[in-house]
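Have a look at final-v7.cif; it's mmCIF, C-alpha atoms:
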data_coords
#
loop_
_atom_site.group_PDB
_atom_site.id
_atom_site.type_symbol
_atom_site.label_atom_id
_atom_site.label_comp_id
_atom_site.auth_asym_id
_atom_site.auth_seq_id
_atom_site.Cartn_x
_atom_site.Cartn_y
_atom_site.Cartn_z
ATOM 1 C CA MET K 1 42.494 -70.617 107.485
ATOM 2 C CA ILE K 2 42.031 -69.403 103.937
ATOM 3 C CA VAL K 3 39.048 -67.112 103.580
ATOM 4 C CA ALA K 4 37.122 -66.714 100.351
ATOM 5 C CA GLU K 5 33.976 -65.011 99.151
ATOM 6 C CA ARG K 6 31.564 -66.344 96.603
ATOM 7 C CA LYS K 7 31.672 -64.537 93.288
ATOM 8 C CA PRO K 8 28.589 -62.489 92.443
ATOM 9 C CA PHE K 9 25.871 -64.810 91.156
ATOM 10 C CA GLU K 10 25.663 -63.052 87.777
ATOM 11 C CA GLU K 11 29.383 -63.621 87.219
ATOM 12 C CA ILE K 12 29.085 -67.353 87.963
ATOM 13 C CA LYS K 13 26.042 -67.609 85.725
ATOM 14 C CA ASP K 14 27.947 -65.866 82.973
ATOM 15 C CA LEU K 15 30.910 -68.262 83.376
ATOM 16 C CA LEU K 16 28.600 -71.217 82.799
ATOM 17 C CA LYS K 17 26.743 -69.645 79.871
ATOM 18 C CA GLY K 18 27.847 -72.150 77.254
ATOM 19 C CA TYR K 19 27.505 -75.299 79.349
ATOM 20 C CA LYS K 20 24.591 -77.672 79.886
ATOM 21 C CA LYS K 21 26.045 -80.129 82.388
ATOM 22 C CA VAL K 22 28.461 -78.985 85.054
ATOM 23 C CA LEU K 23 29.931 -80.613 88.158
ATOM 24 C CA ASN K 24 30.120 -78.263 91.141
ATOM 25 C CA VAL K 25 32.926 -79.384 93.439
ATOM 26 C CA GLY K 26 33.013 -78.081 96.995
ATOM 27 C CA CYS K 27 35.863 -78.193 99.464
ATOM 28 C CA GLY K 28 35.239 -79.365 103.015
ATOM 29 C CA THR K 29 38.061 -77.514 104.742
ATOM 30 C CA CYS K 30 38.817 -73.737 104.892
ATOM 31 C CA VAL K 31 36.078 -72.499 102.557
ATOM 32 C CA ALA K 32 33.535 -74.691 104.333
ATOM 33 C CA VAL K 33 34.449 -73.070 107.659
ATOM 34 C CA CYS K 34 34.076 -69.574 106.203
ATOM 35 C CA LEU K 35 30.678 -70.615 104.776
ATOM 36 C CA THR K 36 31.671 -70.075 101.151
ATOM 37 C CA GLY K 37 32.360 -73.371 99.436
ATOM 38 C CA GLY K 38 31.330 -76.315 101.587
ATOM 39 C CA GLU K 39 28.637 -78.909 100.949
ATOM 40 C CA LYS K 40 25.745 -76.593 101.850
ATOM 41 C CA GLU K 41 27.044 -73.758 99.722
ATOM 42 C CA VAL K 42 27.398 -76.139 96.774
ATOM 43 C CA ASP K 43 23.737 -77.164 97.151
ATOM 44 C CA VAL K 44 22.566 -73.556 97.435
ATOM 45 C CA LEU K 45 24.541 -72.412 94.381
ATOM 46 C CA ASN K 46 23.319 -75.401 92.361
ATOM 47 C CA ALA K 47 19.715 -74.655 93.291
ATOM 48 C CA GLU K 48 20.192 -71.009 92.317
ATOM 49 C CA LEU K 49 21.763 -71.896 88.982
ATOM 50 C CA ASP K 50 19.068 -74.464 88.279
ATOM 51 C CA MET K 51 16.301 -71.922 88.921
ATOM 52 C CA ALA K 52 17.986 -69.048 87.089
ATOM 53 C CA ARG K 53 18.673 -71.128 83.982
ATOM 54 C CA LYS K 54 15.136 -72.494 83.924
ATOM 55 C CA LEU K 55 13.830 -68.944 84.115
ATOM 56 C CA ASP K 56 16.040 -68.177 81.106
ATOM 57 C CA GLU K 57 14.524 -71.206 79.285
ATOM 58 C CA ASN K 58 18.011 -72.682 79.072
ATOM 59 C CA PRO K 59 18.221 -75.405 81.749
ATOM 60 C CA ILE K 60 21.483 -76.665 83.129
ATOM 61 C CA GLU K 61 22.173 -79.939 84.898
ATOM 62 C CA MET K 62 24.313 -79.378 87.966
ATOM 63 C CA GLY K 63 26.143 -82.180 89.736
ATOM 64 C CA ALA K 64 27.353 -81.755 93.314
ATOM 65 C CA PHE K 65 30.275 -83.298 95.099
ATOM 66 C CA THR K 66 32.238 -82.000 98.059
ATOM 67 C CA ILE K 67 35.620 -83.461 98.842
ATOM 68 C CA GLU K 68 37.527 -83.131 102.078
ATOM 69 C CA ARG K 69 40.280 -80.971 100.565
ATOM 70 C CA GLN K 70 40.837 -79.887 96.978
ATOM 71 C CA CYS K 71 44.484 -79.113 97.757
ATOM 72 C CA ASP K 72 45.237 -82.774 98.452
ATOM 73 C CA ARG K 73 45.745 -85.272 95.614
ATOM 74 C CA GLU K 74 44.395 -88.271 97.501
ATOM 75 C CA TYR K 75 40.976 -86.624 97.864
ATOM 76 C CA LEU K 76 40.826 -85.581 94.197
ATOM 77 C CA GLU K 77 40.891 -89.252 93.222
ATOM 78 C CA ALA K 78 37.245 -89.515 94.220
ATOM 79 C CA LEU K 79 36.372 -87.342 91.212
ATOM 80 C CA ASP K 80 38.204 -89.410 88.609
ATOM 81 C CA ASP K 81 35.227 -91.542 87.606
ATOM 82 C CA MET K 82 32.822 -88.643 87.719
ATOM 83 C CA VAL K 83 34.201 -85.833 85.610
ATOM 84 C CA ASP K 84 33.810 -87.550 82.234
ATOM 85 C CA ASP K 85 30.037 -87.197 82.586
ATOM 86 C CA TYR K 86 30.285 -83.406 82.697
ATOM 87 C CA GLU K 87 31.250 -80.682 80.235
ATOM 88 C CA ALA K 88 32.967 -78.515 82.843
ATOM 89 C CA ILE K 89 33.875 -78.329 86.522
ATOM 90 C CA LEU K 90 32.927 -75.470 88.799
ATOM 91 C CA SER K 91 35.123 -75.270 91.875
ATOM 92 C CA MET K 92 34.150 -73.621 95.137
ATOM 93 C CA ALA K 93 37.608 -74.073 96.671
ATOM 94 C CA CYS K 94 40.346 -71.493 97.150
ATOM 95 C CA GLY K 95 42.781 -70.698 94.334
ATOM 96 C CA ALA K 96 45.060 -73.565 95.363
ATOM 97 C CA GLY K 97 42.249 -76.090 95.104
ATOM 98 C CA ILE K 98 41.035 -74.754 91.781
ATOM 99 C CA GLN K 99 44.536 -74.960 90.282
ATOM 100 C CA PHE K 100 45.061 -78.462 91.611
ATOM 101 C CA LEU K 101 41.752 -79.538 90.163
ATOM 102 C CA ALA K 102 42.636 -78.025 86.773
ATOM 103 C CA GLU K 103 45.975 -79.843 86.877
ATOM 104 C CA ARG K 104 44.311 -83.187 87.587
ATOM 105 C CA PHE K 105 41.704 -82.799 84.837
ATOM 106 C CA PRO K 106 43.508 -80.981 82.013
ATOM 107 C CA ASN K 107 40.824 -81.844 79.457
ATOM 108 C CA LYS K 108 38.004 -80.183 81.366
ATOM 109 C CA PRO K 109 37.458 -76.456 81.827
ATOM 110 C CA VAL K 110 37.733 -75.734 85.565
ATOM 111 C CA LEU K 111 35.922 -72.557 86.533
ATOM 112 C CA PRO K 112 36.154 -70.689 89.844
ATOM 113 C CA ALA K 113 33.006 -69.878 91.802
ATOM 114 C CA VAL K 114 34.763 -68.052 94.630
ATOM 115 C CA ASP K 115 37.303 -65.266 95.079
ATOM 116 C CA THR K 116 40.059 -66.175 97.536
ATOM 117 C CA THR K 117 40.588 -63.149 99.750
ATOM 118 C CA PHE K 118 43.077 -63.740 102.581
ATOM 119 C CA ILE K 119 44.539 -65.936 105.317
ATOM 120 C CA GLY K 120 42.652 -65.006 108.432
ATOM 121 C CA VAL K 121 41.018 -65.880 111.704
ATOM 122 C CA ASN K 122 37.449 -66.596 112.689
ATOM 123 C CA GLN K 123 36.336 -63.838 115.118
ATOM 124 C CA ASP K 124 32.661 -64.775 115.204
ATOM 125 C CA VAL K 125 30.012 -66.280 112.927
ATOM 126 C CA GLY K 126 30.602 -64.705 109.522
ATOM 127 C CA TRP K 127 33.310 -62.361 110.879
ATOM 128 C CA TYR K 128 36.783 -63.076 109.523
ATOM 129 C CA GLU K 129 39.879 -60.927 109.869
ATOM 130 C CA GLU K 130 43.047 -60.992 107.806
ATOM 131 C CA ARG K 131 46.058 -61.931 109.947
ATOM 132 C CA CYS K 132 48.762 -63.129 107.567
ATOM 133 C CA ARG K 133 50.155 -61.968 104.216
ATOM 134 C CA SER K 134 52.115 -65.224 103.700
ATOM 135 C CA CYS K 135 55.263 -63.125 103.077
ATOM 136 C CA SER K 136 57.678 -66.077 103.673
ATOM 137 C CA SER K 137 59.633 -64.000 106.167
ATOM 138 C CA CYS K 138 57.870 -64.013 109.514
ATOM 139 C CA VAL K 139 58.847 -61.273 111.970
ATOM 140 C CA LEU K 140 55.968 -61.728 114.388
ATOM 141 C CA GLY K 141 58.470 -62.929 117.049
ATOM 142 C CA TRP K 142 60.038 -59.438 117.019
ATOM 143 C CA THR K 143 56.832 -57.464 116.872
ATOM 144 C CA GLY K 144 54.945 -58.905 119.832
ATOM 145 C CA GLY K 145 52.745 -60.919 117.459
ATOM 146 C CA ILE K 146 51.396 -57.794 115.773
ATOM 147 C CA MET Y 1 -12.653 -73.073 117.983
ATOM 148 C CA ARG Y 2 -13.754 -73.682 114.399
ATOM 149 C CA LEU Y 3 -11.351 -71.868 112.117
ATOM 150 C CA ASP Y 4 -10.924 -71.924 108.369
ATOM 151 C CA TYR Y 5 -7.704 -71.324 106.518
ATOM 152 C CA PRO Y 6 -6.864 -71.772 102.822
ATOM 153 C CA THR Y 7 -6.656 -75.419 101.755
ATOM 154 C CA ASN Y 8 -3.770 -74.852 99.357
ATOM 155 C CA ILE Y 9 -1.300 -74.788 102.261
ATOM 156 C CA LYS Y 10 0.684 -77.901 103.052
ATOM 157 C CA ILE Y 11 2.016 -77.952 106.587
ATOM 158 C CA ILE Y 12 5.390 -79.529 107.295
ATOM 159 C CA ARG Y 13 6.026 -79.821 111.018
ATOM 160 C CA VAL Y 14 9.468 -79.301 112.472
ATOM 161 C CA PRO Y 15 10.462 -79.397 116.150
ATOM 162 C CA CYS Y 16 11.557 -75.743 116.022
ATOM 163 C CA THR Y 17 11.867 -73.202 113.185
ATOM 164 C CA GLY Y 18 15.593 -73.288 113.987
ATOM 165 C CA LYS Y 19 15.577 -76.689 112.254
ATOM 166 C CA ILE Y 20 14.571 -75.093 108.943
ATOM 167 C CA ASP Y 21 17.493 -74.870 106.575
ATOM 168 C CA VAL Y 22 17.979 -72.503 103.647
ATOM 169 C CA MET Y 23 17.838 -75.515 101.327
ATOM 170 C CA HIS Y 24 14.435 -76.627 102.684
ATOM 171 C CA LEU Y 25 12.938 -73.276 101.683
ATOM 172 C CA LEU Y 26 14.841 -72.963 98.437
ATOM 173 C CA ARG Y 27 14.027 -76.511 97.343
ATOM 174 C CA ALA Y 28 10.304 -75.858 97.817
ATOM 175 C CA ILE Y 29 10.428 -72.977 95.339
ATOM 176 C CA GLN Y 30 12.809 -74.871 93.041
ATOM 177 C CA LYS Y 31 10.350 -77.760 92.886
ATOM 178 C CA GLY Y 32 7.468 -75.514 91.912
ATOM 179 C CA ALA Y 33 5.811 -74.316 95.137
ATOM 180 C CA ASP Y 34 4.324 -70.856 94.668
ATOM 181 C CA GLY Y 35 5.533 -69.742 98.064
ATOM 182 C CA VAL Y 36 6.937 -70.949 101.334
ATOM 183 C CA TYR Y 37 6.638 -69.509 104.794
ATOM 184 C CA ALA Y 38 7.894 -70.373 108.232
ATOM 185 C CA VAL Y 39 5.703 -69.920 111.290
ATOM 186 C CA GLY Y 40 7.713 -69.766 114.485
ATOM 187 C CA CYS Y 41 7.203 -68.836 118.101
ATOM 188 C CA LEU Y 42 7.196 -65.207 119.171
ATOM 189 C CA GLU Y 43 10.626 -63.640 119.243
ATOM 190 C CA GLY Y 44 12.049 -63.895 122.738
ATOM 191 C CA ASN Y 45 9.946 -66.974 123.484
ATOM 192 C CA CYS Y 46 12.012 -69.676 121.776
ATOM 193 C CA HIS Y 47 12.390 -72.801 123.899
ATOM 194 C CA TYR Y 48 15.852 -73.188 122.362
ATOM 195 C CA ASN Y 49 16.593 -69.472 122.874
ATOM 196 C CA GLU Y 50 17.298 -68.428 119.300
ATOM 197 C CA GLY Y 51 15.765 -70.982 116.927
ATOM 198 C CA ASN Y 52 13.179 -68.543 115.589
ATOM 199 C CA LEU Y 53 15.773 -65.773 115.256
ATOM 200 C CA ARG Y 54 17.974 -68.060 113.179
ATOM 201 C CA ALA Y 55 14.968 -69.023 111.071
ATOM 202 C CA ARG Y 56 14.225 -65.343 110.404
ATOM 203 C CA GLU Y 57 17.799 -64.800 109.205
ATOM 204 C CA ARG Y 58 17.567 -67.849 106.952
ATOM 205 C CA VAL Y 59 14.263 -66.709 105.488
ATOM 206 C CA GLU Y 60 15.817 -63.279 104.821
ATOM 207 C CA HIS Y 61 18.735 -65.020 103.109
ATOM 208 C CA VAL Y 62 16.363 -67.061 100.944
ATOM 209 C CA ARG Y 63 14.464 -63.892 99.986
ATOM 210 C CA ASN Y 64 17.764 -62.415 98.782
ATOM 211 C CA LEU Y 65 18.654 -65.594 96.887
ATOM 212 C CA LEU Y 66 15.286 -65.617 95.134
ATOM 213 C CA GLU Y 67 15.748 -61.992 94.071
ATOM 214 C CA GLU Y 68 19.221 -62.926 92.837
ATOM 215 C CA VAL Y 69 17.904 -65.616 90.497
ATOM 216 C CA GLY Y 70 15.085 -63.432 89.199
ATOM 217 C CA LEU Y 71 12.123 -64.540 91.332
ATOM 218 C CA GLU Y 72 10.151 -62.436 93.816
ATOM 219 C CA GLY Y 73 11.711 -62.499 97.299
ATOM 220 C CA ASP Y 74 8.242 -62.182 98.796
ATOM 221 C CA ARG Y 75 7.550 -65.803 97.881
ATOM 222 C CA ALA Y 76 9.303 -66.601 101.179
ATOM 223 C CA ARG Y 77 8.139 -65.127 104.467
ATOM 224 C CA MET Y 78 8.475 -65.600 108.209
ATOM 225 C CA TYR Y 79 5.651 -65.184 110.718
ATOM 226 C CA ASN Y 80 5.696 -65.372 114.492
ATOM 227 C CA LEU Y 81 2.910 -66.315 116.859
ATOM 228 C CA SER Y 82 2.359 -68.249 120.067
ATOM 229 C CA SER Y 83 0.927 -71.769 120.064
ATOM 230 C CA GLY Y 84 -2.296 -70.420 121.585
ATOM 231 C CA GLU Y 85 -3.035 -68.104 118.678
ATOM 232 C CA GLY Y 86 -5.083 -70.248 116.331
ATOM 233 C CA PRO Y 87 -6.960 -67.309 114.788
ATOM 234 C CA THR Y 88 -3.628 -65.559 114.062
ATOM 235 C CA PHE Y 89 -2.345 -68.728 112.352
ATOM 236 C CA ALA Y 90 -5.419 -68.760 110.123
ATOM 237 C CA ALA Y 91 -5.027 -65.031 109.440
ATOM 238 C CA TYR Y 92 -1.369 -65.460 108.434
ATOM 239 C CA ALA Y 93 -2.288 -68.379 106.158
ATOM 240 C CA LYS Y 94 -4.850 -66.169 104.464
ATOM 241 C CA GLU Y 95 -2.403 -63.269 104.218
ATOM 242 C CA MET Y 96 0.297 -65.454 102.677
ATOM 243 C CA THR Y 97 -2.173 -66.934 100.181
ATOM 244 C CA GLU Y 98 -3.301 -63.472 99.133
ATOM 245 C CA ASN Y 99 0.313 -62.408 98.783
ATOM 246 C CA ILE Y 100 1.072 -65.387 96.546
ATOM 247 C CA GLN Y 101 -2.079 -64.875 94.494
ATOM 248 C CA ALA Y 102 -0.949 -61.301 93.865
ATOM 249 C CA LEU Y 103 2.478 -62.538 92.728
ATOM 250 C CA GLY Y 104 1.030 -65.212 90.468
ATOM 251 C CA PRO Y 105 2.152 -68.817 89.951
ATOM 252 C CA ASN Y 106 5.770 -69.872 90.295
ATOM 253 C CA PRO Y 107 7.249 -69.779 86.756
ATOM 254 C CA LEU Y 108 9.379 -72.832 87.608
ATOM 255 C CA LYS Y 109 6.296 -74.999 88.034
ATOM 256 C CA LYS Y 110 6.142 -75.955 84.363
ATOM 257 C CA TRP Y 111 9.587 -77.546 84.554
ATOM 258 C CA GLU Y 112 8.455 -79.887 87.299
ATOM 259 C CA LYS Y 113 5.482 -81.060 85.265
ATOM 260 C CA ALA Y 114 7.640 -81.697 82.224
#

Re-express the file's structure as structure tokens.
Amino acid sequence: MIVAERKPFEEIKDLLKGYKKVLNVGCGTCVAVCLTGGEKEVDVLNAELDMARKLDENPIEMGAFTIERQCDREYLEALDDMVDDYEAILSMACGAGIQFLAERFPNKPVLPAVDTTFIGVNQDVGWYEERCRSCSSCVLGWTGGI
Amino acid sequence: MRLDYPTNIKIIRVPCTGKIDVMHLLRAIQKGADGVYAVGCLEGNCHYNEGNLRARERVEHVRNLLEEVGLEGDRARMYNLSSGEGPTFAAYAKEMTENIQALGPNPLKKWEKA
């Protein structure tokens, strides 16, 4: 699966500085498994942003919606009727999902909330290891899978 | 056993502290509660083996999140006791109330009234 890490909170807050109403879109596949950008993580980030902006006396209205996969056009359709109500979209998907979202909604700024790090395996809860560089030239058959 | 504990505490019962989610704790603070604490069974005594250990990790996570947004992490705490320790429950309630009084009211409260 694709593994990602959430950007530092200050960086996300800074990205949303000029906006008052933002839709936070989660992805229910890889980044949900690595506990970075699924439905729960969307809710937690929204709550954090809501509190931080209220403390700054500059409230923000955060919408939340998590789709099954942001890298699949048929799931993006669910957002079509929603995005017009928001000034910007914050995506918690991997780079592929963020780009696909930006392509579907060219008139809205699409901002990333996570840093995509690698293709890896799930060793234990919260323990992910990189296992593929996606080099397009697999030699694992000759190297004993190493 | 006639015990007193501060009346400003609202108890929400859950079957096990392992049921408590990060969002339950965070939402309480977001909606204006001055503090939130989880009271679980003694460590090593969980009927579900690790419910209270998971709760402790979640409370720690919430403390970090609160610090991240600019609030005091100590607004969230975790206590452990056995179900037979009524006086300890009352003592923890008093301790938490004193802790919150020292921190002052939740600055987010005014937004909920608005």

Kindly determine which residues of chain Y lie within 7 Å of chain K, considering all atoms listed in the file, and give the answer as number ranges by chain. Y: 23, 30, 69-70, 108

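The list of residues with at least one atom within 8 Å of K:Ala78, based on only C-alpha atoms and without residues fewer than 4 positions apart in the same chain, reads Ile67, Glu74 and Met82 of chain K.
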
If the PyMOL selection byres ((chain K and resi 111) around 9) were run on this exact file, what residues would it hold? Put them as a list in words. Ile12, Leu15, Leu16, Ala88, Ile89, Leu90, Ser91, Met92, Ile98, Ala102, Pro109, Val110, Pro112 and Ala113 of chain K

For those residues, write C-alpha atoms to a file as a PDB file, in the frame of the given file.
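Below is the file again18.pdb, written as the result:
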ATOM      1  CA  ILE K  12      29.085 -67.353  87.963  1.00  0.00           C
ATOM      2  CA  LEU K  15      30.910 -68.262  83.376  1.00  0.00           C
ATOM      3  CA  LEU K  16      28.600 -71.217  82.799  1.00  0.00           C
ATOM      4  CA  ALA K  88      32.967 -78.515  82.843  1.00  0.00           C
ATOM      5  CA  ILE K  89      33.875 -78.329  86.522  1.00  0.00           C
ATOM      6  CA  LEU K  90      32.927 -75.470  88.799  1.00  0.00           C
ATOM      7  CA  SER K  91      35.123 -75.270  91.875  1.00  0.00           C
ATOM      8  CA  MET K  92      34.150 -73.621  95.137  1.00  0.00           C
ATOM      9  CA  ILE K  98      41.035 -74.754  91.781  1.00  0.00           C
ATOM     10  CA  ALA K 102      42.636 -78.025  86.773  1.00  0.00           C
ATOM     11  CA  PRO K 109      37.458 -76.456  81.827  1.00  0.00           C
ATOM     12  CA  VAL K 110      37.733 -75.734  85.565  1.00  0.00           C
ATOM     13  CA  PRO K 112      36.154 -70.689  89.844  1.00  0.00           C
ATOM     14  CA  ALA K 113      33.006 -69.878  91.802  1.00  0.00           C
TER      15      ALA K 113
END

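As for atom CA of Y:Ala93 and atom CA of Y:Asp34, they are spaced 13.5 Å apart.
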
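Taking atom CA of K:Gly63 and atom CA of K:Tyr19 as endpoints, the distance between them is 12.5 Å.
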
Close residues, K:Gly26 itself excluded, 6 Å, all atoms listed in the file, min 6 positions apart in chain, as a PyMOL selection string: chain K and resi 37-39+42+66+92
